[in-house]
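Printed here is data-v7.pdb (PDB, C-alpha atoms, pLDDT in the B column):
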ATOM      1  CA  MET A   1      21.931  59.019 -47.039  1.00 94.00           C
ATOM      2  CA  TRP A   2      19.966  57.383 -44.256  1.00 96.00           C
ATOM      3  CA  PHE A   3      21.036  54.917 -41.569  1.00 97.00           C
ATOM      4  CA  ARG A   4      19.050  52.878 -39.058  1.00 97.00           C
ATOM      5  CA  TYR A   5      20.561  50.431 -36.595  1.00 96.00           C
ATOM      6  CA  PRO A   6      19.094  46.903 -36.753  1.00 94.00           C
ATOM      7  CA  ASN A   7      16.075  46.256 -34.517  1.00 94.00           C
ATOM      8  CA  THR A   8      15.307  49.955 -34.024  1.00 93.00           C
ATOM      9  CA  ALA A   9      12.336  51.934 -35.259  1.00 93.00           C
ATOM     10  CA  ARG A  10      14.106  55.290 -35.624  1.00 93.00           C
ATOM     11  CA  PHE A  11      16.687  56.324 -38.156  1.00 95.00           C
ATOM     12  CA  SER A  12      19.949  57.552 -36.632  1.00 94.00           C
ATOM     13  CA  LEU A  13      20.783  59.575 -39.755  1.00 95.00           C
ATOM     14  CA  THR A  14      18.230  61.041 -42.138  1.00 95.00           C
ATOM     15  CA  GLY A  15      18.780  62.911 -45.366  1.00 95.00           C
ATOM     16  CA  ILE A  16      22.533  63.400 -44.930  1.00 94.00           C
ATOM     17  CA  SER A  17      24.477  64.754 -47.891  1.00 93.00           C
ATOM     18  CA  THR A  18      28.122  65.692 -47.427  1.00 93.00           C
ATOM     19  CA  SER A  19      31.531  65.175 -48.919  1.00 92.00           C
ATOM     20  CA  PHE A  20      34.993  64.691 -47.503  1.00 90.00           C
ATOM     21  CA  ARG A  21      38.007  65.617 -49.607  1.00 89.00           C
ATOM     22  CA  SER A  22      41.551  64.353 -49.363  1.00 88.00           C
ATOM     23  CA  GLY A  23      43.861  66.872 -47.722  1.00 93.00           C
ATOM     24  CA  GLU A  24      41.057  68.811 -46.047  1.00 94.00           C
ATOM     25  CA  LEU A  25      40.310  68.896 -42.343  1.00 95.00           C
ATOM     26  CA  THR A  26      36.652  68.384 -41.454  1.00 94.00           C
ATOM     27  CA  LEU A  27      35.092  69.073 -38.063  1.00 95.00           C
ATOM     28  CA  VAL A  28      31.999  67.067 -37.128  1.00 95.00           C
ATOM     29  CA  ARG A  29      30.341  68.383 -34.007  1.00 96.00           C
ATOM     30  CA  GLY A  30      27.026  68.215 -32.231  1.00 96.00           C
ATOM     31  CA  PRO A  31      25.394  67.108 -28.986  1.00 97.00           C
ATOM     32  CA  ASN A  32      25.534  63.584 -27.580  1.00 96.00           C
ATOM     33  CA  GLY A  33      23.367  61.237 -29.612  1.00 92.00           C
ATOM     34  CA  ALA A  34      23.332  63.479 -32.701  1.00 94.00           C
ATOM     35  CA  GLY A  35      24.825  60.769 -34.952  1.00 95.00           C
ATOM     36  CA  LYS A  36      28.419  61.978 -35.286  1.00 96.00           C
ATOM     37  CA  THR A  37      29.997  58.559 -34.761  1.00 96.00           C
ATOM     38  CA  THR A  38      27.403  56.862 -36.956  1.00 97.00           C
ATOM     39  CA  LEU A  39      28.069  59.372 -39.751  1.00 96.00           C
ATOM     40  CA  LEU A  40      31.810  58.762 -39.574  1.00 95.00           C
ATOM     41  CA  LYS A  41      31.349  54.978 -39.539  1.00 95.00           C
ATOM     42  CA  VAL A  42      29.181  55.183 -42.668  1.00 95.00           C
ATOM     43  CA  ALA A  43      31.673  57.570 -44.310  1.00 92.00           C
ATOM     44  CA  GLY A  44      34.531  55.279 -43.252  1.00 90.00           C
ATOM     45  CA  LEU A  45      32.785  52.295 -44.906  1.00 90.00           C
ATOM     46  CA  VAL A  46      32.288  50.452 -41.629  1.00 93.00           C
ATOM     47  CA  TYR A  47      28.470  50.677 -41.761  1.00 96.00           C
ATOM     48  CA  ARG A  48      26.348  50.291 -44.898  1.00 95.00           C
ATOM     49  CA  PRO A  49      23.665  53.002 -45.198  1.00 97.00           C
ATOM     50  CA  SER A  50      20.028  51.904 -44.994  1.00 96.00           C
ATOM     51  CA  ALA A  51      19.247  54.129 -47.987  1.00 96.00           C
ATOM     52  CA  GLY A  52      21.343  56.285 -50.265  1.00 95.00           C
ATOM     53  CA  ARG A  53      24.886  55.924 -51.479  1.00 95.00           C
ATOM     54  CA  VAL A  54      28.473  56.318 -50.313  1.00 94.00           C
ATOM     55  CA  VAL A  55      30.489  57.437 -53.330  1.00 93.00           C
ATOM     56  CA  VAL A  56      34.258  56.914 -53.274  1.00 88.00           C
ATOM     57  CA  ASP A  57      36.256  58.223 -56.238  1.00 85.00           C
ATOM     58  CA  GLY A  58      33.085  58.402 -58.318  1.00 89.00           C
ATOM     59  CA  GLU A  59      31.880  54.849 -57.566  1.00 91.00           C
ATOM     60  CA  ASP A  60      29.025  53.778 -55.298  1.00 93.00           C
ATOM     61  CA  PHE A  61      31.064  51.729 -52.824  1.00 93.00           C
ATOM     62  CA  TRP A  62      28.280  49.402 -51.667  1.00 94.00           C
ATOM     63  CA  SER A  63      27.229  48.518 -55.222  1.00 93.00           C
ATOM     64  CA  LEU A  64      30.696  47.089 -55.964  1.00 92.00           C
ATOM     65  CA  ASP A  65      31.162  43.323 -55.704  1.00 90.00           C
ATOM     66  CA  LYS A  66      32.714  42.141 -52.438  1.00 89.00           C
ATOM     67  CA  GLY A  67      36.187  41.639 -53.914  1.00 89.00           C
ATOM     68  CA  ARG A  68      36.324  45.202 -55.266  1.00 87.00           C
ATOM     69  CA  ARG A  69      34.980  46.573 -51.969  1.00 87.00           C
ATOM     70  CA  LEU A  70      37.754  44.835 -50.059  1.00 85.00           C
ATOM     71  CA  ALA A  71      40.386  46.100 -52.507  1.00 84.00           C
ATOM     72  CA  ARG A  72      39.048  49.701 -52.267  1.00 73.00           C
ATOM     73  CA  ARG A  73      38.987  49.765 -48.473  1.00 64.00           C
ATOM     74  CA  TRP A  74      42.643  49.005 -48.004  1.00 57.00           C
TER      75      TRP A  74
END

Write the structure described by the file as structure tokens, please.
Amino acid sequence: MWFRYPNTARFSLTGISTSFRSGELTLVRGPNGAGKTTLLKVAGLVYRPSAGRVVVDGEDFWSLDKGRRLARRW
């Protein structure tokens, strides 16, 4: 998964592949500016990735129609 903020030349996240499982505790750490918050906002379905997919329960979240996305988020 890749993410670039609008109006910037650089990608904030490049080539990320991870998974988060229900009931597990995950630690995300790194230096300032490493992309921790951006990663969590993409994983939390706040930001749409520039490339790649965010799979939730086996479905590519951003390929769902808007109504199904809204129903899945809440």

Box along x, y and z, 4 Å on every side, all listed atoms of range 57-74 of chain A inside: centre and edge lengths in Å to one decimal, as lines of an AutoDock Vina configuration file.
center_x = 34.9
center_y = 50.0
center_z = -53.2
size_x = 23.4
size_y = 24.8
size_z = 18.3

Can you work out which one of A:Leu27, A:Ala51, A:Trp62, A:Thr37 has the shortest atom-to-atom distance to Thr14 in chain A, counting all atoms listed in the file?
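Going through A:Leu27, A:Ala51, A:Trp62, A:Thr37 one by one, the smallest distance to Thr14 in chain A is for A:Ala51.
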
Point (31.5, 53.3, -49.3) neighbourhood (9 Å, only C-alpha atoms) written as a list in words
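The residues near that point, listed by chain and number, are Val42, Ala43, Gly44, Leu45, Val46, Tyr47, Arg48, Pro49, Arg53, Val54, Val55, Val56, Glu59, Asp60, Phe61, Trp62, Ser63, Arg69, Arg72 and Arg73 of chain A.
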
May I have the residues from that selection written out with C-alpha atoms, as a compact mmCIF listing (two decimals), keeping the file's coordinate frame?
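Result file is again.txt:
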# COMPACT_ATOMS: atom_id res chain seq x y z
CA VAL A 42 29.18 55.18 -42.67
CA ALA A 43 31.67 57.57 -44.31
CA GLY A 44 34.53 55.28 -43.25
CA LEU A 45 32.78 52.30 -44.91
CA VAL A 46 32.29 50.45 -41.63
CA TYR A 47 28.47 50.68 -41.76
CA ARG A 48 26.35 50.29 -44.90
CA PRO A 49 23.66 53.00 -45.20
CA ARG A 53 24.89 55.92 -51.48
CA VAL A 54 28.47 56.32 -50.31
CA VAL A 55 30.49 57.44 -53.33
CA VAL A 56 34.26 56.91 -53.27
CA GLU A 59 31.88 54.85 -57.57
CA ASP A 60 29.02 53.78 -55.30
CA PHE A 61 31.06 51.73 -52.82
CA TRP A 62 28.28 49.40 -51.67
CA SER A 63 27.23 48.52 -55.22
CA ARG A 69 34.98 46.57 -51.97
CA ARG A 72 39.05 49.70 -52.27
CA ARG A 73 38.99 49.76 -48.47

Matched chain/residue IDs from the PyMOL selection byres ((chain A and resi 28) around 12), as a list of chain:residue names:
A:Thr18, A:Ser19, A:Phe20, A:Leu25, A:Thr26, A:Leu27, A:Arg29, A:Gly30, A:Pro31, A:Ala34, A:Gly35, A:Lys36, A:Thr37, A:Thr38, A:Leu39, A:Leu40, A:Ala43

Determine the residue set returned by the PyMOL selection byres ((chain A and resi 1) around 6) for the present structure, and present it as a PDB file with C-alpha atoms, keeping the file's coordinate frame.
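Result saved to result_18.pdb:
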ATOM      1  CA  TRP A   2      19.966  57.383 -44.256  1.00 96.00           C
ATOM      2  CA  GLY A  15      18.780  62.911 -45.366  1.00 95.00           C
ATOM      3  CA  ILE A  16      22.533  63.400 -44.930  1.00 94.00           C
ATOM      4  CA  ALA A  51      19.247  54.129 -47.987  1.00 96.00           C
ATOM      5  CA  GLY A  52      21.343  56.285 -50.265  1.00 95.00           C
TER       6      GLY A  52
END

If I only have part of range 54-66 of chain A, can you fill in N, CA and C atoms and write it as a short mmCIF file (atom, residue, chain, number, x, y, z; two decimals), keeping the file's coordinate frame?
data_model
loop_
_atom_site.label_atom_id
_atom_site.label_comp_id
_atom_site.auth_asym_id
_atom_site.auth_seq_id
_atom_site.Cartn_x
_atom_site.Cartn_y
_atom_site.Cartn_z
N VAL A 54 27.18 55.81 -50.75
CA VAL A 54 28.47 56.32 -50.31
C VAL A 54 29.37 56.23 -51.54
N VAL A 55 29.71 57.38 -52.09
CA VAL A 55 30.49 57.44 -53.33
C VAL A 55 31.95 57.69 -52.99
N VAL A 56 32.82 56.80 -53.48
CA VAL A 56 34.26 56.91 -53.27
C VAL A 56 34.91 56.96 -54.65
N ASP A 57 35.61 58.04 -54.93
CA ASP A 57 36.26 58.22 -56.24
C ASP A 57 35.29 57.98 -57.39
N GLY A 58 34.07 58.48 -57.25
CA GLY A 58 33.08 58.40 -58.32
C GLY A 58 32.31 57.10 -58.42
N GLU A 59 32.59 56.14 -57.53
CA GLU A 59 31.88 54.85 -57.57
C GLU A 59 31.07 54.65 -56.29
N ASP A 60 29.86 54.13 -56.45
CA ASP A 60 29.02 53.78 -55.30
C ASP A 60 29.65 52.56 -54.62
N PHE A 61 30.29 52.77 -53.49
CA PHE A 61 31.06 51.73 -52.82
C PHE A 61 30.25 50.46 -52.57
N TRP A 62 29.06 50.58 -52.06
CA TRP A 62 28.28 49.40 -51.67
C TRP A 62 27.66 48.68 -52.86
N SER A 63 27.73 49.25 -54.06
CA SER A 63 27.23 48.52 -55.22
C SER A 63 28.34 47.70 -55.87
N LEU A 64 29.59 47.88 -55.44
CA LEU A 64 30.70 47.09 -55.96
C LEU A 64 30.61 45.66 -55.45
N ASP A 65 31.14 44.70 -56.21
CA ASP A 65 31.16 43.32 -55.70
C ASP A 65 32.12 43.26 -54.51
N LYS A 66 31.98 42.23 -53.71
CA LYS A 66 32.71 42.14 -52.44
C LYS A 66 34.23 42.23 -52.64
#
